[in-house]
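For reference, data11.pdb (PDB, C-alpha atoms):
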```pdb
MODEL        1
ATOM      1  CA  MET B  12      16.542 140.016 101.163
ATOM      2  CA  ALA B  13      19.523 138.591  99.310
ATOM      3  CA  LEU B  14      17.435 135.609  98.238
ATOM      4  CA  SER B  15      14.753 137.960  96.882
ATOM      5  CA  LEU B  16      17.309 139.940  94.874
ATOM      6  CA  LYS B  17      18.781 136.724  93.510
ATOM      7  CA  ARG B  18      15.367 135.562  92.297
ATOM      8  CA  ARG B  19      14.707 138.873  90.601
ATOM      9  CA  SER B  20      18.046 138.741  88.789
ATOM     10  CA  GLU B  21      17.403 135.251  87.433
ATOM     11  CA  PRO B  22      16.932 135.365  83.628
ATOM     12  CA  LYS B  23      13.555 134.559  82.180
ATOM     13  CA  PRO B  24      13.480 130.969  80.830
ATOM     14  CA  LYS B  25      13.806 130.566  77.083
ATOM     15  CA  PRO B  26      10.787 129.232  75.142
ATOM     16  CA  ASP B  27      12.442 125.847  74.606
ATOM     17  CA  GLN B  28      13.193 125.648  78.346
ATOM     18  CA  MET B  29       9.659 126.526  79.506
ATOM     19  CA  THR B  30       7.492 123.777  80.936
ATOM     20  CA  LEU B  31       4.040 122.964  79.629
ATOM     21  CA  ILE B  32       2.473 124.724  82.613
ATOM     22  CA  GLU B  33       4.513 127.870  81.884
ATOM     23  CA  HIS B  34       3.436 127.803  78.230
ATOM     24  CA  LEU B  35      -0.210 127.425  79.241
ATOM     25  CA  THR B  36       0.130 130.237  81.785
ATOM     26  CA  GLU B  37       1.583 132.527  79.122
ATOM     27  CA  LEU B  38      -1.179 131.539  76.690
ATOM     28  CA  ARG B  39      -3.844 132.224  79.328
ATOM     29  CA  ARG B  40      -2.419 135.682  79.949
ATOM     30  CA  ARG B  41      -2.468 136.529  76.242
ATOM     31  CA  VAL B  42      -6.020 135.191  75.834
ATOM     32  CA  LEU B  43      -7.245 137.249  78.802
ATOM     33  CA  ILE B  44      -5.720 140.414  77.335
ATOM     34  CA  CYS B  45      -7.365 139.676  73.962
ATOM     35  CA  ALA B  46     -10.726 139.000  75.626
ATOM     36  CA  LEU B  47     -10.519 142.243  77.608
ATOM     37  CA  ALA B  48      -9.608 144.207  74.456
ATOM     38  CA  PHE B  49     -12.556 142.683  72.595
ATOM     39  CA  VAL B  50     -15.016 143.463  75.404
ATOM     40  CA  VAL B  51     -13.837 147.091  75.589
ATOM     41  CA  THR B  52     -13.947 147.671  71.818
ATOM     42  CA  ALA B  53     -17.281 145.841  71.446
ATOM     43  CA  THR B  54     -18.704 148.132  74.118
ATOM     44  CA  VAL B  55     -17.408 151.135  72.185
ATOM     45  CA  ALA B  56     -18.970 149.786  68.980
ATOM     46  CA  PHE B  57     -22.262 149.250  70.837
ATOM     47  CA  LEU B  58     -22.240 152.897  71.965
ATOM     48  CA  VAL B  59     -21.375 154.295  68.509
ATOM     49  CA  TYR B  60     -23.831 151.934  66.800
ATOM     50  CA  ARG B  61     -25.518 154.620  64.687
ATOM     51  CA  PRO B  62     -22.395 155.861  62.809
ATOM     52  CA  ILE B  63     -21.360 152.265  62.106
ATOM     53  CA  LEU B  64     -24.821 151.367  60.813
ATOM     54  CA  SER B  65     -24.844 154.510  58.670
ATOM     55  CA  PHE B  66     -21.452 153.558  57.224
ATOM     56  CA  LEU B  67     -22.631 150.054  56.333
ATOM     57  CA  GLN B  68     -25.934 151.396  54.988
ATOM     58  CA  HIS B  69     -24.216 153.886  52.665
ATOM     59  CA  PRO B  70     -23.842 151.454  49.697
ATOM     60  CA  TYR B  71     -27.604 150.831  49.812
ATOM     61  CA  CYS B  72     -28.316 154.575  49.860
ATOM     62  CA  GLN B  73     -26.024 155.058  46.860
ATOM     63  CA  ILE B  74     -28.301 153.016  44.607
ATOM     64  CA  ASN B  75     -31.585 154.068  46.230
ATOM     65  CA  PRO B  76     -31.044 157.420  47.989
ATOM     66  CA  LYS B  77     -34.742 158.197  48.517
ATOM     67  CA  HIS B  78     -35.754 154.845  49.967
ATOM     68  CA  CYS B  79     -32.816 153.234  51.739
ATOM     69  CA  GLY B  80     -34.432 152.610  55.106
ATOM     70  CA  PHE B  81     -34.564 149.212  56.759
ATOM     71  CA  TYR B  82     -37.641 147.396  57.974
ATOM     72  CA  VAL B  83     -37.748 145.042  60.949
ATOM     73  CA  ALA B  84     -40.373 142.353  61.418
ATOM     74  CA  GLY B  85     -39.949 141.674  65.127
ATOM     75  CA  PRO B  86     -39.448 143.676  68.336
ATOM     76  CA  LEU B  87     -36.096 142.012  69.059
ATOM     77  CA  ASP B  88     -34.584 142.627  65.617
ATOM     78  CA  GLY B  89     -33.280 146.079  66.550
ATOM     79  CA  LEU B  90     -31.456 144.703  69.589
ATOM     80  CA  SER B  91     -30.095 141.766  67.572
ATOM     81  CA  LEU B  92     -28.781 144.169  64.938
ATOM     82  CA  ARG B  93     -27.058 146.348  67.518
ATOM     83  CA  ILE B  94     -25.443 143.351  69.232
ATOM     84  CA  LYS B  95     -24.257 141.975  65.892
ATOM     85  CA  ILE B  96     -22.694 145.304  64.921
ATOM     86  CA  ALA B  97     -21.072 145.534  68.368
ATOM     87  CA  ALA B  98     -19.567 142.051  67.956
ATOM     88  CA  TYR B  99     -18.171 142.671  64.471
ATOM     89  CA  GLY B 100     -17.079 146.186  65.374
ATOM     90  CA  GLY B 101     -15.332 144.946  68.502
ATOM     91  CA  LEU B 102     -13.506 142.273  66.525
ATOM     92  CA  PHE B 103     -12.382 144.816  63.935
ATOM     93  CA  LEU B 104     -11.312 147.473  66.461
ATOM     94  CA  SER B 105      -9.484 144.994  68.678
ATOM     95  CA  ALA B 106      -7.658 143.356  65.736
ATOM     96  CA  PRO B 107      -4.372 145.297  66.351
ATOM     97  CA  VAL B 108      -4.300 144.116  69.977
ATOM     98  CA  LEU B 109      -5.174 140.541  68.991
ATOM     99  CA  LEU B 110      -2.423 140.433  66.373
ATOM    100  CA  TRP B 111       0.087 142.034  68.743
ATOM    101  CA  GLU B 112      -0.618 139.475  71.474
ATOM    102  CA  LEU B 113      -0.379 136.647  68.935
ATOM    103  CA  TRP B 114       2.929 138.092  67.766
ATOM    104  CA  ARG B 115       4.243 138.346  71.342
ATOM    105  CA  PHE B 116       3.270 134.718  72.008
ATOM    106  CA  ILE B 117       4.856 133.346  68.828
ATOM    107  CA  THR B 118       7.979 135.539  68.615
ATOM    108  CA  PRO B 119      10.057 133.887  71.394
ATOM    109  CA  GLY B 120       9.887 130.560  69.577
ATOM    110  CA  LEU B 121      11.176 131.922  66.255
ATOM    111  CA  ASN B 122      14.781 131.912  65.151
ATOM    112  CA  PRO B 123      16.383 135.195  63.928
ATOM    113  CA  LYS B 124      15.737 134.390  60.245
ATOM    114  CA  GLU B 125      12.061 133.647  60.882
ATOM    115  CA  LYS B 126      11.702 136.846  62.915
ATOM    116  CA  LYS B 127      13.176 138.809  60.011
ATOM    117  CA  TYR B 128      10.502 137.475  57.653
ATOM    118  CA  ALA B 129       7.663 137.556  60.189
ATOM    119  CA  VAL B 130       7.292 141.337  60.464
ATOM    120  CA  PRO B 131       6.948 141.995  56.680
ATOM    121  CA  PHE B 132       4.504 139.105  56.389
ATOM    122  CA  ILE B 133       2.347 140.398  59.245
ATOM    123  CA  VAL B 134       2.345 143.948  57.850
ATOM    124  CA  ALA B 135       1.509 142.621  54.376
ATOM    125  CA  SER B 136      -1.297 140.448  55.780
ATOM    126  CA  ILE B 137      -2.926 143.365  57.596
ATOM    127  CA  THR B 138      -2.557 145.681  54.592
ATOM    128  CA  LEU B 139      -3.951 143.160  52.126
ATOM    129  CA  PHE B 140      -6.878 142.260  54.377
ATOM    130  CA  ALA B 141      -7.769 145.957  54.723
ATOM    131  CA  ALA B 142      -7.460 146.364  50.941
ATOM    132  CA  GLY B 143      -9.811 143.432  50.375
ATOM    133  CA  VAL B 144     -12.363 144.888  52.794
ATOM    134  CA  LEU B 145     -12.145 148.244  50.999
ATOM    135  CA  VAL B 146     -12.617 146.663  47.557
ATOM    136  CA  ALA B 147     -15.680 144.773  48.814
ATOM    137  CA  TYR B 148     -17.184 147.943  50.292
ATOM    138  CA  VAL B 149     -16.565 149.971  47.120
ATOM    139  CA  THR B 150     -17.966 147.310  44.793
ATOM    140  CA  PHE B 151     -20.933 146.393  46.997
ATOM    141  CA  PRO B 152     -23.272 149.056  45.475
ATOM    142  CA  HIS B 153     -22.788 147.418  42.063
ATOM    143  CA  ALA B 154     -23.544 143.983  43.541
ATOM    144  CA  LEU B 155     -26.596 145.347  45.321
ATOM    145  CA  SER B 156     -27.838 147.051  42.153
ATOM    146  CA  PHE B 157     -27.519 143.759  40.261
ATOM    147  CA  LEU B 158     -29.406 141.870  42.961
ATOM    148  CA  THR B 159     -32.221 144.417  43.192
ATOM    149  CA  HIS B 160     -32.800 144.443  39.423
ATOM    150  CA  ILE B 161     -32.345 140.754  38.632
ATOM    151  CA  GLY B 162     -35.839 139.912  39.928
ATOM    152  CA  GLY B 163     -37.574 142.392  37.639
ATOM    153  CA  PRO B 164     -39.433 145.699  38.171
ATOM    154  CA  SER B 165     -42.534 144.086  39.690
ATOM    155  CA  LEU B 166     -40.749 143.389  42.997
ATOM    156  CA  ASN B 167     -40.894 145.897  45.845
ATOM    157  CA  GLN B 168     -37.571 145.893  47.671
ATOM    158  CA  ILE B 169     -37.882 145.896  51.476
ATOM    159  CA  PHE B 170     -34.565 145.024  53.119
ATOM    160  CA  ASP B 171     -34.189 143.239  56.417
ATOM    161  CA  PRO B 172     -31.209 144.929  58.167
ATOM    162  CA  LEU B 173     -29.957 141.637  59.637
ATOM    163  CA  LYS B 174     -29.822 139.956  56.229
ATOM    164  CA  TYR B 175     -28.327 143.057  54.620
ATOM    165  CA  LEU B 176     -25.682 143.309  57.332
ATOM    166  CA  SER B 177     -24.853 139.602  57.004
ATOM    167  CA  LEU B 178     -24.347 139.977  53.250
ATOM    168  CA  ILE B 179     -22.119 143.066  53.324
ATOM    169  CA  LEU B 180     -20.011 141.762  56.233
ATOM    170  CA  LEU B 181     -19.657 138.376  54.528
ATOM    171  CA  MET B 182     -18.521 140.135  51.344
ATOM    172  CA  MET B 183     -15.963 142.202  53.255
ATOM    173  CA  THR B 184     -14.669 139.177  55.186
ATOM    174  CA  ILE B 185     -14.336 136.937  52.119
ATOM    175  CA  PHE B 186     -12.601 139.637  50.091
ATOM    176  CA  GLY B 187     -10.269 140.388  53.003
ATOM    177  CA  LEU B 188      -9.319 136.739  53.511
ATOM    178  CA  THR B 189      -8.982 136.072  49.776
ATOM    179  CA  PHE B 190      -6.590 138.999  49.426
ATOM    180  CA  GLU B 191      -4.194 137.022  51.673
ATOM    181  CA  PHE B 192      -3.552 134.805  48.625
ATOM    182  CA  PRO B 193      -0.134 136.322  47.757
ATOM    183  CA  VAL B 194       1.040 136.004  51.378
ATOM    184  CA  LEU B 195       0.267 132.277  51.217
ATOM    185  CA  LEU B 196       2.059 131.824  47.896
ATOM    186  CA  VAL B 197       5.159 133.766  48.956
ATOM    187  CA  SER B 198       5.255 131.829  52.250
ATOM    188  CA  LEU B 199       5.256 128.549  50.324
ATOM    189  CA  GLU B 200       8.015 129.875  48.064
ATOM    190  CA  VAL B 201      10.162 130.965  51.013
ATOM    191  CA  ALA B 202       9.614 127.567  52.662
ATOM    192  CA  GLY B 203      10.712 125.809  49.453
ATOM    193  CA  VAL B 204       7.374 124.065  48.898
ATOM    194  CA  LEU B 205       6.788 125.963  45.629
ATOM    195  CA  SER B 206       9.123 127.657  43.188
ATOM    196  CA  PRO B 207       8.556 130.633  40.844
ATOM    197  CA  LYS B 208       9.204 128.291  37.919
ATOM    198  CA  GLN B 209       6.373 125.995  39.009
ATOM    199  CA  LEU B 210       3.961 128.903  39.445
ATOM    200  CA  SER B 211       4.880 130.218  35.996
ATOM    201  CA  SER B 212       4.216 126.828  34.405
ATOM    202  CA  TRP B 213       0.812 126.633  36.124
ATOM    203  CA  ARG B 214      -0.292 130.087  34.926
ATOM    204  CA  ARG B 215      -3.057 128.916  32.532
ATOM    205  CA  TRP B 216      -4.590 126.561  35.068
ATOM    206  CA  ALA B 217      -4.258 129.229  37.741
ATOM    207  CA  ILE B 218      -6.309 131.691  35.672
ATOM    208  CA  ILE B 219      -9.110 129.144  35.217
ATOM    209  CA  LEU B 220      -9.036 128.163  38.901
ATOM    210  CA  ILE B 221      -9.039 131.793  40.068
ATOM    211  CA  VAL B 222     -12.081 132.638  37.935
ATOM    212  CA  VAL B 223     -13.952 129.529  39.112
ATOM    213  CA  VAL B 224     -13.133 130.145  42.782
ATOM    214  CA  ALA B 225     -14.098 133.827  42.503
ATOM    215  CA  GLY B 226     -17.432 132.833  40.975
ATOM    216  CA  VAL B 227     -18.123 130.256  43.685
ATOM    217  CA  ILE B 228     -17.140 132.205  46.807
ATOM    218  CA  THR B 229     -18.558 135.621  45.843
ATOM    219  CA  PRO B 230     -21.650 135.850  48.117
ATOM    220  CA  SER B 231     -23.582 138.226  45.847
ATOM    221  CA  SER B 232     -22.984 136.005  42.769
ATOM    222  CA  ASP B 233     -22.931 139.050  40.477
ATOM    223  CA  PRO B 234     -20.397 139.262  37.620
ATOM    224  CA  PHE B 235     -19.031 142.662  38.684
ATOM    225  CA  SER B 236     -18.026 141.456  42.158
ATOM    226  CA  MET B 237     -16.662 138.237  40.697
ATOM    227  CA  MET B 238     -14.341 140.153  38.369
ATOM    228  CA  ALA B 239     -13.449 142.604  41.160
ATOM    229  CA  LEU B 240     -12.166 139.576  43.058
ATOM    230  CA  ALA B 241     -10.696 137.542  40.200
ATOM    231  CA  ILE B 242      -8.589 140.323  38.612
ATOM    232  CA  PRO B 243      -6.689 141.246  41.810
ATOM    233  CA  LEU B 244      -6.128 137.558  42.554
ATOM    234  CA  TYR B 245      -4.471 137.043  39.174
ATOM    235  CA  VAL B 246      -2.371 140.180  39.673
ATOM    236  CA  PHE B 247      -1.351 138.804  43.079
ATOM    237  CA  TYR B 248      -0.395 135.523  41.420
ATOM    238  CA  GLU B 249       1.980 137.300  39.035
ATOM    239  CA  VAL B 250       3.392 139.479  41.833
ATOM    240  CA  SER B 251       4.044 136.354  43.908
ATOM    241  CA  ILE B 252       6.119 134.912  41.072
ATOM    242  CA  VAL B 253       8.214 138.099  40.910
ATOM    243  CA  ILE B 254       8.718 138.208  44.693
ATOM    244  CA  GLY B 255       9.631 134.520  44.696
ATOM    245  CA  LYS B 256      12.339 135.137  42.081
ATOM    246  CA  LEU B 257      13.755 137.963  44.212
ATOM    247  CA  PHE B 258      13.910 135.671  47.246
ATOM    248  CA  HIS B 259      15.740 132.970  45.297
ATOM    249  CA  ARG B 260      18.445 135.254  43.946
TER     250      ARG B 260
ENDMDL
END
```

Final C-alpha coordinates representation of the file:
Amino acid sequence: MALSLKRRSEPKPKPDQMTLIEHLTELRRRVLICALAFVVTATVAFLVYRPILSFLQHPYCQINPKHCGFYVAGPLDGLSLRIKIAAYGGLFLSAPVLLWELWRFITPGLNPKEKKYAVPFIVASITLFAAGVLVAYVTFPHALSFLTHIGGPSLNQIFDPLKYLSLILLMMTIFGLTFEFPVLLVSLEVAGVLSPKQLSSWRRWAIILIVVVAGVITPSSDPFSMMALAIPLYVFYEVSIVIGKLFHR
(Lines of atoms letter the chains of each structure in order from A and count residues from 1; the text may use other names and numbers.)
(Lines give C-alpha, C1' and ligand atoms only; values in the text may rest on other atoms or scores of the structure.)
Protein backbone atom coordinates (compact mmCIF):
# COMPACT_ATOMS: atom_id res chain seq x y z
CA MET A 1 0.00 0.00 0.00
CA ALA A 2 2.78 2.38 0.99
CA LEU A 3 4.66 1.50 -2.19
CA SER A 4 1.55 2.28 -4.26
CA LEU A 5 1.12 5.67 -2.60
CA LYS A 6 4.79 6.45 -3.15
CA ARG A 7 4.48 5.71 -6.87
CA ARG A 8 1.43 7.91 -7.18
CA SER A 9 3.20 10.81 -5.48
CA GLU A 10 6.20 10.61 -7.80
CA PRO A 11 6.33 13.70 -10.07
CA LYS A 12 5.75 13.29 -13.76
CA PRO A 13 9.08 13.30 -15.66
CA LYS A 14 10.01 16.51 -17.43
CA PRO A 15 10.12 16.50 -21.26
CA ASP A 16 13.92 16.59 -21.30
CA GLN A 17 14.00 13.65 -18.87
CA MET A 18 11.55 11.46 -20.82
CA THR A 19 12.91 8.48 -22.72
CA LEU A 20 12.29 7.91 -26.40
CA ILE A 21 9.70 5.25 -25.58
CA GLU A 22 7.85 7.70 -23.30
CA HIS A 23 7.86 10.36 -26.03
CA LEU A 24 6.51 7.86 -28.56
CA THR A 25 3.85 6.70 -26.09
CA GLU A 26 2.73 10.29 -25.54
CA LEU A 27 2.70 10.91 -29.30
CA ARG A 28 0.63 7.76 -29.87
CA ARG A 29 -1.91 8.90 -27.30
CA ARG A 30 -2.27 12.31 -28.95
CA VAL A 31 -2.56 10.76 -32.43
CA LEU A 32 -5.27 8.36 -31.24
CA ILE A 33 -7.28 11.23 -29.74
CA CYS A 34 -6.94 13.20 -33.00
CA ALA A 35 -7.98 10.17 -35.07
CA LEU A 36 -11.02 9.56 -32.85
CA ALA A 37 -12.02 13.25 -33.08
CA PHE A 38 -11.72 13.14 -36.88
CA VAL A 39 -13.81 9.96 -37.17
CA VAL A 40 -16.56 11.42 -34.96
CA THR A 41 -16.70 14.77 -36.77
CA ALA A 42 -16.46 13.14 -40.22
CA THR A 43 -19.43 10.97 -39.26
CA VAL A 44 -21.34 14.09 -38.24
CA ALA A 45 -20.44 15.76 -41.55
CA PHE A 46 -21.60 12.64 -43.41
CA LEU A 47 -24.98 12.82 -41.65
CA VAL A 48 -25.46 16.57 -42.25
CA TYR A 49 -24.22 16.27 -45.84
CA ARG A 50 -27.11 18.21 -47.40
CA PRO A 51 -26.65 21.50 -45.45
CA ILE A 52 -22.91 21.42 -46.14
CA LEU A 53 -23.45 20.80 -49.85
CA SER A 54 -26.03 23.60 -49.94
CA PHE A 55 -23.55 25.95 -48.27
CA LEU A 56 -20.82 25.13 -50.79
CA GLN A 57 -23.30 25.33 -53.68
CA HIS A 58 -24.52 28.80 -52.68
CA PRO A 59 -21.84 30.74 -54.67
CA TYR A 60 -22.93 28.88 -57.82
CA CYS A 61 -26.59 29.71 -57.16
CA GLN A 62 -25.68 33.37 -56.69
CA ILE A 63 -24.59 33.72 -60.31
CA ASN A 64 -27.13 31.29 -61.77
CA PRO A 65 -30.10 31.05 -59.37
CA LYS A 66 -32.45 29.30 -61.81
CA HIS A 67 -30.06 26.60 -62.96
CA CYS A 68 -27.55 25.81 -60.24
CA GLY A 69 -28.08 22.07 -60.02
CA PHE A 70 -25.28 19.54 -60.39
CA TYR A 71 -25.13 16.66 -62.82
CA VAL A 72 -23.41 13.34 -62.16
CA ALA A 73 -22.20 11.02 -64.89
CA GLY A 74 -21.83 7.81 -62.89
CA PRO A 75 -23.77 5.90 -60.22
CA LEU A 76 -20.91 6.16 -57.71
CA ASP A 77 -20.41 9.92 -58.04
CA GLY A 78 -23.04 10.74 -55.42
CA LEU A 79 -21.37 8.47 -52.86
CA SER A 80 -17.92 9.85 -53.74
CA LEU A 81 -19.20 13.39 -53.25
CA ARG A 82 -20.70 12.58 -49.86
CA ILE A 83 -17.52 10.86 -48.67
CA LYS A 84 -15.39 13.78 -49.86
CA ILE A 85 -17.58 16.29 -48.02
CA ALA A 86 -17.48 14.09 -44.91
CA ALA A 87 -13.66 13.99 -45.04
CA TYR A 88 -13.22 17.74 -45.49
CA GLY A 89 -15.99 18.52 -43.02
CA GLY A 90 -14.48 16.18 -40.44
CA LEU A 91 -11.08 17.80 -40.84
CA PHE A 92 -12.57 21.27 -40.44
CA LEU A 93 -14.77 20.39 -37.44
CA SER A 94 -12.01 18.48 -35.66
CA ALA A 95 -9.42 21.25 -36.22
CA PRO A 96 -9.81 22.69 -32.65
CA VAL A 97 -9.13 19.26 -31.14
CA LEU A 98 -6.20 18.62 -33.49
CA LEU A 99 -4.62 21.97 -32.65
CA TRP A 100 -5.23 21.49 -28.93
CA GLU A 101 -3.56 18.07 -28.93
CA LEU A 102 -0.64 19.46 -30.94
CA TRP A 103 -0.36 22.28 -28.42
CA ARG A 104 -0.43 19.85 -25.48
CA PHE A 105 2.32 17.75 -27.09
CA ILE A 106 4.59 20.70 -27.87
CA THR A 107 4.01 22.87 -24.77
CA PRO A 108 6.07 20.84 -22.24
CA GLY A 109 9.18 21.29 -24.37
CA LEU A 110 8.90 25.09 -24.58
CA ASN A 111 10.59 27.53 -22.26
CA PRO A 112 8.49 30.26 -20.54
CA LYS A 113 9.35 32.89 -23.18
CA GLU A 114 8.35 30.59 -26.04
CA LYS A 115 5.10 29.69 -24.26
CA LYS A 116 4.32 33.40 -23.92
CA TYR A 117 4.62 33.89 -27.68
CA ALA A 118 3.03 30.56 -28.64
CA VAL A 119 -0.54 31.35 -27.58
CA PRO A 120 -0.85 34.64 -29.56
CA PHE A 121 0.71 32.98 -32.60
CA ILE A 122 -1.71 30.04 -32.46
CA VAL A 123 -4.72 32.33 -32.02
CA ALA A 124 -3.50 34.54 -34.88
CA SER A 125 -2.93 31.50 -37.11
CA ILE A 126 -6.45 30.18 -36.55
CA THR A 127 -8.02 33.62 -37.03
CA LEU A 128 -6.09 34.36 -40.21
CA PHE A 129 -6.81 30.94 -41.70
CA ALA A 130 -10.54 31.42 -41.04
CA ALA A 131 -10.34 34.91 -42.58
CA GLY A 132 -8.67 33.50 -45.69
CA VAL A 133 -11.35 30.83 -46.04
CA LEU A 134 -14.05 33.49 -45.69
CA VAL A 135 -12.45 35.75 -48.32
CA ALA A 136 -12.23 32.81 -50.74
CA TYR A 137 -15.89 31.91 -50.18
CA VAL A 138 -17.07 35.51 -50.63
CA THR A 139 -15.03 36.09 -53.79
CA PHE A 140 -15.75 32.68 -55.34
CA PRO A 141 -18.97 33.84 -57.12
CA HIS A 142 -16.90 36.45 -58.99
CA ALA A 143 -14.33 33.80 -59.96
CA LEU A 144 -17.07 31.43 -61.06
CA SER A 145 -18.77 34.16 -63.10
CA PHE A 146 -15.48 34.88 -64.87
CA LEU A 147 -14.91 31.20 -65.62
CA THR A 148 -18.43 30.63 -66.93
CA HIS A 149 -18.28 33.61 -69.30
CA ILE A 150 -14.69 33.33 -70.52
CA GLY A 151 -15.60 30.51 -72.93
CA GLY A 152 -18.31 32.52 -74.68
CA PRO A 153 -22.13 32.31 -74.83
CA SER A 154 -22.20 29.23 -77.06
CA LEU A 155 -21.18 26.92 -74.18
CA ASN A 156 -23.81 25.21 -72.05
CA GLN A 157 -22.58 25.03 -68.47
CA ILE A 158 -23.15 21.65 -66.79
CA PHE A 159 -21.12 21.35 -63.58
CA ASP A 160 -19.74 18.14 -62.19
CA PRO A 161 -20.16 18.41 -58.38
CA LEU A 162 -16.84 16.65 -57.69
CA LYS A 163 -14.89 19.10 -59.85
CA TYR A 164 -16.84 22.06 -58.47
CA LEU A 165 -16.22 20.92 -54.90
CA SER A 166 -12.51 20.39 -55.60
CA LEU A 167 -12.20 23.93 -56.98
CA ILE A 168 -14.01 25.75 -54.16
CA LEU A 169 -12.26 23.74 -51.42
CA LEU A 170 -8.89 24.29 -53.09
CA MET A 171 -9.60 28.03 -53.23
CA MET A 172 -10.56 28.10 -49.55
CA THR A 173 -7.52 26.05 -48.51
CA ILE A 174 -5.02 28.11 -50.52
CA PHE A 175 -6.45 31.41 -49.29
CA GLY A 176 -6.45 30.12 -45.71
CA LEU A 177 -2.83 28.95 -45.87
CA THR A 178 -1.66 32.08 -47.71
CA PHE A 179 -3.20 34.28 -45.03
CA GLU A 180 -0.66 32.74 -42.61
CA PHE A 181 1.95 34.93 -44.36
CA PRO A 182 2.18 37.56 -41.57
CA VAL A 183 2.56 34.86 -38.90
CA LEU A 184 5.57 33.51 -40.81
CA LEU A 185 7.13 36.96 -41.20
CA VAL A 186 6.62 37.94 -37.56
CA SER A 187 8.01 34.57 -36.44
CA LEU A 188 11.17 35.20 -38.47
CA GLU A 189 11.43 38.69 -36.98
CA VAL A 190 11.05 37.40 -33.42
CA ALA A 191 13.66 34.71 -34.12
CA GLY A 192 16.08 37.36 -35.43
CA VAL A 193 16.26 35.90 -38.95
CA LEU A 194 14.68 39.04 -40.46
CA SER A 195 14.45 42.63 -39.28
CA PRO A 196 11.81 45.32 -39.96
CA LYS A 197 14.52 47.36 -41.68
CA GLN A 198 15.22 44.54 -44.13
CA LEU A 199 11.53 44.07 -44.90
CA SER A 200 11.15 47.80 -45.49
CA SER A 201 14.07 47.83 -47.92
CA TRP A 202 12.58 44.89 -49.83
CA ARG A 203 9.15 46.53 -50.21
CA ARG A 204 9.27 47.06 -54.01
CA TRP A 205 10.42 43.52 -54.71
CA ALA A 206 7.87 42.20 -52.23
CA ILE A 207 5.02 43.88 -54.13
CA ILE A 208 6.14 42.32 -57.42
CA LEU A 209 6.63 38.89 -55.81
CA ILE A 210 3.25 39.02 -54.05
CA VAL A 211 1.42 39.84 -57.29
CA VAL A 212 3.25 37.09 -59.19
CA VAL A 213 2.64 34.49 -56.48
CA ALA A 214 -1.04 35.47 -56.21
CA GLY A 215 -1.42 35.08 -59.97
CA VAL A 216 0.28 31.67 -59.98
CA ILE A 217 -1.40 30.02 -56.98
CA THR A 218 -4.96 31.31 -57.50
CA PRO A 219 -6.76 28.15 -58.75
CA SER A 220 -9.46 30.03 -60.68
CA SER A 221 -6.86 32.22 -62.47
CA ASP A 222 -9.30 35.15 -62.61
CA PRO A 223 -8.07 38.71 -61.96
CA PHE A 224 -10.64 39.42 -59.24
CA SER A 225 -9.52 36.50 -57.06
CA MET A 226 -5.89 37.31 -57.75
CA MET A 227 -6.33 40.86 -56.45
CA ALA A 228 -8.45 39.61 -53.54
CA LEU A 229 -5.41 37.58 -52.53
CA ALA A 230 -2.63 40.00 -53.45
CA ILE A 231 -4.02 43.10 -51.68
CA PRO A 232 -4.39 41.45 -48.24
CA LEU A 233 -0.93 39.90 -48.60
CA TYR A 234 0.63 43.32 -49.16
CA VAL A 235 -1.32 44.74 -46.21
CA PHE A 236 -0.04 41.82 -44.12
CA TYR A 237 3.50 42.62 -45.25
CA GLU A 238 3.21 46.20 -43.99
CA VAL A 239 1.55 45.07 -40.74
CA SER A 240 4.39 42.60 -40.17
CA ILE A 241 6.91 45.44 -40.41
CA VAL A 242 4.98 47.44 -37.79
CA ILE A 243 4.67 44.45 -35.44
CA GLY A 244 8.36 43.68 -35.90
CA LYS A 245 9.28 47.23 -34.86
CA LEU A 246 7.13 46.88 -31.73
CA PHE A 247 8.90 43.64 -30.81
CA HIS A 248 12.33 45.23 -31.21
CA ARG A 249 11.61 48.22 -28.99

* Asked: Quick one: distance from atom CA of B:Asp88 to atom CA of B:Leu173 in Å, one decimal?
  ->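 If I compute the distance from atom CA of B:Asp88 to atom CA of B:Leu173, I get 7.6 Å.
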
* Minimum-distance residue to B:Leu113, chosen among B:Ala53, B:Val42, B:Phe81, B:Trp216 (using all atoms listed in the file) ->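 Counting all atoms listed in the file, the residue closest to B:Leu113 is B:Val42.
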
* Top pick for closest residue to B:Ile94, considering B:Val130, B:Val59, B:Cys79, B:Leu109 and counting all atoms listed in the file -> B:Val59

* Asked: List as JSON, numbers by chain: which residues have an atom within 9 Å of (13.1, 134.0, 46.4), counting only C-alpha atoms?
  -> {"B": [197, 200, 201, 206, 207, 252, 253, 254, 255, 256, 257, 258, 259, 260]}

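If you look at atom CA of B:Glu191 and atom CA of B:Phe140, they are 6.5 Å away from each other.
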
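For the atom pair formed by atom CA of B:Ser212 and atom CA of B:Pro131, the distance is 27.1 Å, given to one decimal.
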